[in-house]
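Structure file entry.pdb; described as PDB, C-alpha atoms, pLDDT in the B column.
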```pdb
ATOM      1  CA  MET A   8     -77.862  -3.560 -36.002  1.00 50.00           C
ATOM      2  CA  PRO A   9     -81.186  -3.119 -34.137  1.00 53.00           C
ATOM      3  CA  SER A  10     -82.940  -6.316 -33.128  1.00 54.00           C
ATOM      4  CA  GLU A  11     -86.596  -7.073 -32.337  1.00 61.00           C
ATOM      5  CA  ASN A  12     -86.204  -6.396 -28.608  1.00 63.00           C
ATOM      6  CA  ASN A  13     -84.764  -2.886 -29.149  1.00 66.00           C
ATOM      7  CA  GLY A  14     -81.287  -4.127 -28.323  1.00 66.00           C
ATOM      8  CA  TYR A  15     -78.439  -4.687 -30.683  1.00 65.00           C
ATOM      9  CA  THR A  16     -77.054  -7.840 -32.184  1.00 65.00           C
ATOM     10  CA  LYS A  17     -73.368  -8.343 -32.636  1.00 64.00           C
ATOM     11  CA  MET A  18     -72.058  -7.892 -36.170  1.00 59.00           C
ATOM     12  CA  ASN A  19     -68.746  -9.443 -37.126  1.00 58.00           C
ATOM     13  CA  TYR A  20     -66.702  -7.365 -39.519  1.00 52.00           C
ATOM     14  CA  LYS A  21     -63.455  -8.600 -41.000  1.00 55.00           C
ATOM     15  CA  GLN A  22     -61.180  -6.154 -42.717  1.00 55.00           C
ATOM     16  CA  PHE A  23     -58.658  -7.734 -45.015  1.00 61.00           C
ATOM     17  CA  GLY A  24     -55.659  -5.857 -46.397  1.00 72.00           C
ATOM     18  CA  ILE A  25     -54.468  -7.902 -49.368  1.00 77.00           C
ATOM     19  CA  LYS A  26     -51.162  -6.036 -49.666  1.00 80.00           C
ATOM     20  CA  LYS A  27     -49.964  -7.319 -46.287  1.00 84.00           C
ATOM     21  CA  GLN A  28     -52.049 -10.451 -45.857  1.00 85.00           C
ATOM     22  CA  LEU A  29     -51.140 -12.125 -49.159  1.00 88.00           C
ATOM     23  CA  PRO A  30     -47.421 -12.437 -48.341  1.00 92.00           C
ATOM     24  CA  LYS A  31     -48.048 -12.994 -44.615  1.00 91.00           C
ATOM     25  CA  CYS A  32     -50.341 -15.961 -45.296  1.00 90.00           C
ATOM     26  CA  THR A  33     -48.342 -17.457 -48.175  1.00 94.00           C
ATOM     27  CA  THR A  34     -44.758 -16.688 -49.167  1.00 95.00           C
ATOM     28  CA  GLN A  35     -43.681 -15.548 -45.711  1.00 94.00           C
ATOM     29  CA  THR A  36     -44.965 -18.513 -43.700  1.00 94.00           C
ATOM     30  CA  LYS A  37     -42.395 -20.690 -41.935  1.00 95.00           C
ATOM     31  CA  LYS A  38     -43.553 -23.726 -43.943  1.00 96.00           C
ATOM     32  CA  VAL A  39     -43.019 -22.008 -47.305  1.00 97.00           C
ATOM     33  CA  LYS A  40     -39.718 -20.344 -46.350  1.00 95.00           C
ATOM     34  CA  ALA A  41     -38.284 -23.633 -45.062  1.00 96.00           C
ATOM     35  CA  ALA A  42     -39.363 -25.651 -48.092  1.00 97.00           C
ATOM     36  CA  ILE A  43     -38.179 -23.147 -50.712  1.00 96.00           C
ATOM     37  CA  THR A  44     -34.820 -22.534 -49.020  1.00 94.00           C
ATOM     38  CA  ALA A  45     -34.396 -26.332 -48.792  1.00 97.00           C
ATOM     39  CA  GLY A  46     -34.741 -26.536 -52.582  1.00 96.00           C
ATOM     40  CA  GLU A  47     -38.408 -27.417 -53.057  1.00 96.00           C
ATOM     41  CA  ALA A  48     -40.005 -26.022 -56.241  1.00 97.00           C
ATOM     42  CA  THR A  49     -43.537 -25.862 -54.821  1.00 97.00           C
ATOM     43  CA  VAL A  50     -45.276 -25.879 -51.463  1.00 96.00           C
ATOM     44  CA  ILE A  51     -48.939 -26.736 -50.968  1.00 96.00           C
ATOM     45  CA  LEU A  52     -50.835 -24.893 -48.248  1.00 95.00           C
ATOM     46  CA  ASP A  53     -53.809 -27.058 -47.339  1.00 92.00           C
ATOM     47  CA  ASP A  54     -54.774 -26.605 -43.674  1.00 89.00           C
ATOM     48  CA  SER A  55     -58.579 -26.912 -43.815  1.00 84.00           C
ATOM     49  CA  LYS A  56     -58.969 -24.321 -41.030  1.00 84.00           C
ATOM     50  CA  LYS A  57     -57.332 -21.673 -43.215  1.00 85.00           C
ATOM     51  CA  TRP A  58     -58.019 -22.825 -46.759  1.00 87.00           C
ATOM     52  CA  ASN A  59     -61.167 -23.645 -48.737  1.00 86.00           C
ATOM     53  CA  LYS A  60     -58.975 -25.474 -51.215  1.00 90.00           C
ATOM     54  CA  PRO A  61     -55.224 -26.128 -51.395  1.00 93.00           C
ATOM     55  CA  LEU A  62     -53.044 -23.256 -52.536  1.00 94.00           C
ATOM     56  CA  VAL A  63     -49.806 -23.882 -54.418  1.00 96.00           C
ATOM     57  CA  VAL A  64     -46.925 -21.509 -53.713  1.00 97.00           C
ATOM     58  CA  THR A  65     -44.101 -21.856 -56.233  1.00 97.00           C
ATOM     59  CA  LYS A  66     -40.461 -20.880 -55.955  1.00 97.00           C
ATOM     60  CA  GLU A  67     -41.156 -18.201 -58.595  1.00 97.00           C
ATOM     61  CA  LEU A  68     -43.841 -16.636 -56.385  1.00 97.00           C
ATOM     62  CA  TRP A  69     -41.572 -16.807 -53.341  1.00 97.00           C
ATOM     63  CA  GLU A  70     -38.783 -15.087 -55.299  1.00 97.00           C
ATOM     64  CA  LEU A  71     -41.139 -12.392 -56.614  1.00 96.00           C
ATOM     65  CA  ASN A  72     -41.936 -11.425 -53.039  1.00 95.00           C
ATOM     66  CA  ASN A  73     -38.485 -11.944 -51.509  1.00 95.00           C
ATOM     67  CA  TYR A  74     -36.099 -10.427 -54.057  1.00 96.00           C
ATOM     68  CA  VAL A  75     -35.692  -6.725 -54.750  1.00 95.00           C
ATOM     69  CA  TRP A  76     -33.922  -4.811 -57.506  1.00 95.00           C
ATOM     70  CA  ASP A  77     -30.750  -3.096 -56.340  1.00 92.00           C
ATOM     71  CA  GLY A  78     -30.208  -0.101 -58.618  1.00 90.00           C
ATOM     72  CA  ASN A  79     -26.604   0.318 -57.458  1.00 91.00           C
ATOM     73  CA  THR A  80     -25.431  -3.195 -58.330  1.00 92.00           C
ATOM     74  CA  LYS A  81     -28.028  -3.748 -61.109  1.00 93.00           C
ATOM     75  CA  MET A  82     -28.726  -7.148 -59.565  1.00 94.00           C
ATOM     76  CA  TRP A  83     -31.501  -8.912 -57.692  1.00 95.00           C
ATOM     77  CA  GLN A  84     -30.879  -9.090 -53.955  1.00 94.00           C
ATOM     78  CA  GLN A  85     -32.782 -10.954 -51.288  1.00 92.00           C
ATOM     79  CA  LYS A  86     -34.668  -8.363 -49.257  1.00 89.00           C
ATOM     80  CA  LYS A  87     -33.084  -7.609 -45.913  1.00 84.00           C
ATOM     81  CA  ASP A  88     -35.957  -6.401 -43.760  1.00 79.00           C
ATOM     82  CA  LYS A  89     -39.673  -5.706 -43.648  1.00 76.00           C
ATOM     83  CA  ASN A  90     -39.172  -2.000 -44.385  1.00 79.00           C
ATOM     84  CA  GLU A  91     -37.342  -2.657 -47.644  1.00 85.00           C
ATOM     85  CA  LYS A  92     -37.326   0.374 -49.942  1.00 90.00           C
ATOM     86  CA  ARG A  93     -35.960  -1.309 -53.069  1.00 93.00           C
ATOM     87  CA  PRO A  94     -38.698  -2.471 -55.475  1.00 95.00           C
ATOM     88  CA  LYS A  95     -39.898  -5.975 -56.204  1.00 94.00           C
ATOM     89  CA  LYS A  96     -40.295  -6.914 -59.845  1.00 96.00           C
ATOM     90  CA  PHE A  97     -44.102  -6.594 -59.786  1.00 94.00           C
ATOM     91  CA  GLN A  98     -44.010  -3.068 -58.328  1.00 93.00           C
ATOM     92  CA  LYS A  99     -44.329  -0.001 -60.572  1.00 93.00           C
ATOM     93  CA  GLU A 100     -41.120   1.462 -59.114  1.00 94.00           C
ATOM     94  CA  TYR A 101     -39.176  -1.424 -60.710  1.00 96.00           C
ATOM     95  CA  LEU A 102     -40.532  -0.476 -64.146  1.00 95.00           C
ATOM     96  CA  ASP A 103     -39.759   3.203 -63.534  1.00 95.00           C
ATOM     97  CA  ILE A 104     -36.143   2.422 -62.603  1.00 94.00           C
ATOM     98  CA  THR A 105     -35.355  -0.229 -65.218  1.00 96.00           C
ATOM     99  CA  GLY A 106     -37.721   0.334 -68.135  1.00 96.00           C
ATOM    100  CA  ASP A 107     -38.179  -3.476 -68.261  1.00 97.00           C
ATOM    101  CA  ILE A 108     -41.760  -3.479 -69.560  1.00 95.00           C
ATOM    102  CA  LYS A 109     -41.950  -7.208 -70.362  1.00 97.00           C
ATOM    103  CA  GLY A 110     -40.412  -8.311 -67.063  1.00 97.00           C
ATOM    104  CA  TYR A 111     -42.651  -5.983 -65.087  1.00 95.00           C
ATOM    105  CA  ASN A 112     -45.833  -6.997 -66.946  1.00 94.00           C
ATOM    106  CA  ASP A 113     -45.051 -10.710 -66.597  1.00 96.00           C
ATOM    107  CA  ALA A 114     -44.364 -10.321 -62.861  1.00 96.00           C
ATOM    108  CA  LYS A 115     -47.457  -8.136 -62.361  1.00 93.00           C
ATOM    109  CA  THR A 116     -49.672 -10.687 -64.136  1.00 92.00           C
ATOM    110  CA  THR A 117     -48.201 -13.572 -62.122  1.00 95.00           C
ATOM    111  CA  TRP A 118     -48.674 -11.741 -58.804  1.00 94.00           C
ATOM    112  CA  ILE A 119     -52.243 -10.600 -59.554  1.00 89.00           C
ATOM    113  CA  ASN A 120     -53.259 -14.091 -60.673  1.00 90.00           C
ATOM    114  CA  PHE A 121     -51.720 -15.460 -57.469  1.00 93.00           C
ATOM    115  CA  ALA A 122     -53.682 -12.902 -55.445  1.00 89.00           C
ATOM    116  CA  LYS A 123     -56.919 -13.972 -57.140  1.00 86.00           C
ATOM    117  CA  THR A 124     -56.154 -17.637 -56.466  1.00 89.00           C
ATOM    118  CA  PHE A 125     -55.291 -16.791 -52.871  1.00 89.00           C
ATOM    119  CA  LEU A 126     -58.553 -14.901 -52.340  1.00 83.00           C
ATOM    120  CA  SER A 127     -60.609 -17.745 -53.758  1.00 83.00           C
ATOM    121  CA  SER A 128     -58.700 -20.328 -51.674  1.00 86.00           C
ATOM    122  CA  THR A 129     -58.556 -18.733 -48.237  1.00 79.00           C
ATOM    123  CA  SER A 130     -61.225 -19.232 -45.597  1.00 66.00           C
ATOM    124  CA  ILE A 131     -61.052 -15.496 -44.853  1.00 61.00           C
ATOM    125  CA  SER A 132     -62.868 -14.861 -48.129  1.00 55.00           C
ATOM    126  CA  ARG A 133     -65.533 -17.565 -47.716  1.00 53.00           C
ATOM    127  CA  GLY A 134     -68.275 -14.934 -47.865  1.00 51.00           C
ATOM    128  CA  ALA A 135     -66.779 -13.143 -50.854  1.00 51.00           C
ATOM    129  CA  SER A 136     -68.648 -13.457 -54.095  1.00 43.00           C
ATOM    130  CA  SER A 137     -66.971 -14.728 -57.227  1.00 48.00           C
ATOM    131  CA  THR A 138     -68.557 -11.797 -59.042  1.00 44.00           C
ATOM    132  CA  PHE A 139     -65.862  -9.612 -57.457  1.00 51.00           C
ATOM    133  CA  PHE A 140     -63.334 -11.173 -59.818  1.00 53.00           C
ATOM    134  CA  ALA A 141     -65.648 -10.874 -62.816  1.00 49.00           C
ATOM    135  CA  VAL A 142     -65.792  -7.079 -62.615  1.00 49.00           C
ATOM    136  CA  LEU A 143     -62.083  -6.430 -62.216  1.00 60.00           C
ATOM    137  CA  LYS A 144     -60.236  -4.751 -65.040  1.00 63.00           C
ATOM    138  CA  PRO A 145     -58.359  -7.193 -67.249  1.00 68.00           C
ATOM    139  CA  ILE A 146     -54.787  -7.520 -65.932  1.00 68.00           C
ATOM    140  CA  ASP A 147     -53.230  -5.961 -69.028  1.00 70.00           C
ATOM    141  CA  LEU A 148     -55.265  -2.781 -68.367  1.00 68.00           C
ATOM    142  CA  MET A 149     -54.081  -2.488 -64.753  1.00 71.00           C
ATOM    143  CA  ALA A 150     -51.276   0.074 -64.529  1.00 70.00           C
ATOM    144  CA  SER A 151     -49.949  -1.590 -61.385  1.00 73.00           C
ATOM    145  CA  ILE A 152     -50.904  -4.134 -58.747  1.00 69.00           C
ATOM    146  CA  THR A 153     -52.588  -1.372 -56.759  1.00 68.00           C
ATOM    147  CA  HIS A 154     -55.132  -0.640 -59.526  1.00 62.00           C
ATOM    148  CA  TRP A 155     -57.742  -3.337 -58.976  1.00 57.00           C
ATOM    149  CA  SER A 156     -60.552  -0.974 -59.887  1.00 44.00           C
ATOM    150  CA  ILE A 157     -63.756  -2.141 -61.482  1.00 40.00           C
ATOM    151  CA  SER A 158     -63.839  -1.927 -65.245  1.00 40.00           C
ATOM    152  CA  SER A 159     -66.085   0.784 -66.667  1.00 35.00           C
ATOM    153  CA  ALA A 160     -68.030  -1.663 -68.820  1.00 37.00           C
ATOM    154  CA  ASN A 161     -69.284  -3.444 -65.709  1.00 37.00           C
ATOM    155  CA  SER A 162     -69.732  -0.472 -63.385  1.00 36.00           C
ATOM    156  CA  SER A 163     -72.973   1.384 -62.812  1.00 36.00           C
ATOM    157  CA  ARG A 164     -71.519   4.732 -63.919  1.00 32.00           C
TER     158      ARG A 164
END
```

Give the structure from this file in structure tokens form.
Amino acid sequence: MPSENNGYTKMNYKQFGIKKQLPKCTTQTKKVKAAITAGEATVILDDSKKWNKPLVVTKELWELNNYVWDGNTKMWQQKKDKNEKRPKKFQKEYLDITGDIKGYNDAKTTWINFAKTFLSSTSISRGASSTFFAVLKPIDLMASITHWSISSANSSR
């Protein structure tokens, strides 16, 4: 950005990839993993350097991100590695494989609501406007968690 003295001022730009950052900052933290595997039902993330307000991570949320559907055994399995190819319950591939519409929709709604809560709680999004959430499609109209597009009623088209 040009400044008054024909020089440039530094501009800080933060790119935030929700797909990777949501689990990395919540369900995959050492604190959450340790508490859930020790039998805790909820974990509260409340470090004021990272969070605007406390964020509750439940065992259900941890399981949604850490269990995958194994089509061979027809059972849920804990994911083995970061490059897991088997689908999580909130991913469209799970619906395609199983046809479990209710289970998929419930998981999708839970995960999207968690993502919204995460975005409003994290210090990374301090500059984000709450109007972002107001113009999202209603969850039941989102085909999958990757379709966070703006609803046509609120867009300028």

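In this comparison, which uses all atoms listed in the file, the residue of A:Trp83, A:Lys123, A:Asp77, A:Ala48 approaching Ile25 in chain A most closely is A:Lys123.
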
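Nearest to Lys99 in chain A of all the residues A:Leu71, A:Val63, A:Val50, A:Ala150 is A:Ala150, counting only C-alpha atoms.
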
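Among the candidate residues A:Phe97, A:Asp103, A:Gln28, A:Trp58, the one lying nearest to Asn120 in chain A is A:Phe97, with distances computed using all atoms listed in the file.
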
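What the PyMOL selection byres ((chain A and resi 69) around 9) grabs from this file is Pro30, Thr33, Thr34, Gln35, Val39, Lys40, Ile43, Val64, Thr65, Lys66, Glu67, Leu68, Glu70, Leu71, Asn72, Asn73 and Tyr74 of chain A.
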
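If you look at CA of Arg93 in chain A and CA of Tyr111 in chain A, they are 14.5 Å away from each other.
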
Nearby residues (all atoms listed in the file) at most 10 Å from Lys57 in chain A, same-chain spacing under 3 positions excluded, as a compact mmCIF listing (two decimals) with C-alpha atoms, in the coordinates of the input:
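Here's the written file out.txt:
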```txt
# COMPACT_ATOMS: atom_id res chain seq x y z
CA CYS A 32 -50.34 -15.96 -45.30
CA LEU A 52 -50.84 -24.89 -48.25
CA ASP A 53 -53.81 -27.06 -47.34
CA ASP A 54 -54.77 -26.60 -43.67
CA LYS A 60 -58.98 -25.47 -51.22
CA PRO A 61 -55.22 -26.13 -51.40
CA SER A 128 -58.70 -20.33 -51.67
CA THR A 129 -58.56 -18.73 -48.24
CA SER A 130 -61.22 -19.23 -45.60
CA ILE A 131 -61.05 -15.50 -44.85
```

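Proximity to Asp107 in chain A was assessed for A:Trp76, A:Lys86, A:Leu126, A:Lys26 counting all atoms listed in the file; the smallest distance is recorded for A:Trp76.
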
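Minimum distance to Ser151 in chain A across A:Thr124, A:Glu100, A:Glu47, A:Lys109 (counting all atoms listed in the file) occurs at A:Glu100.
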
Using the file's own x, y and z axes, what box holds all listed atoms of range 21-39 of chain A with 3 Å on each side, keeping edges along x, y and z, and what are its centre and edge lengths in Å to one decimal, as AutoDock Vina command-line options?
```
--center_x -52.9 --center_y -14.8 --center_z -45.3 --size_x 27.1 --size_y 23.9 --size_z 14.7
```
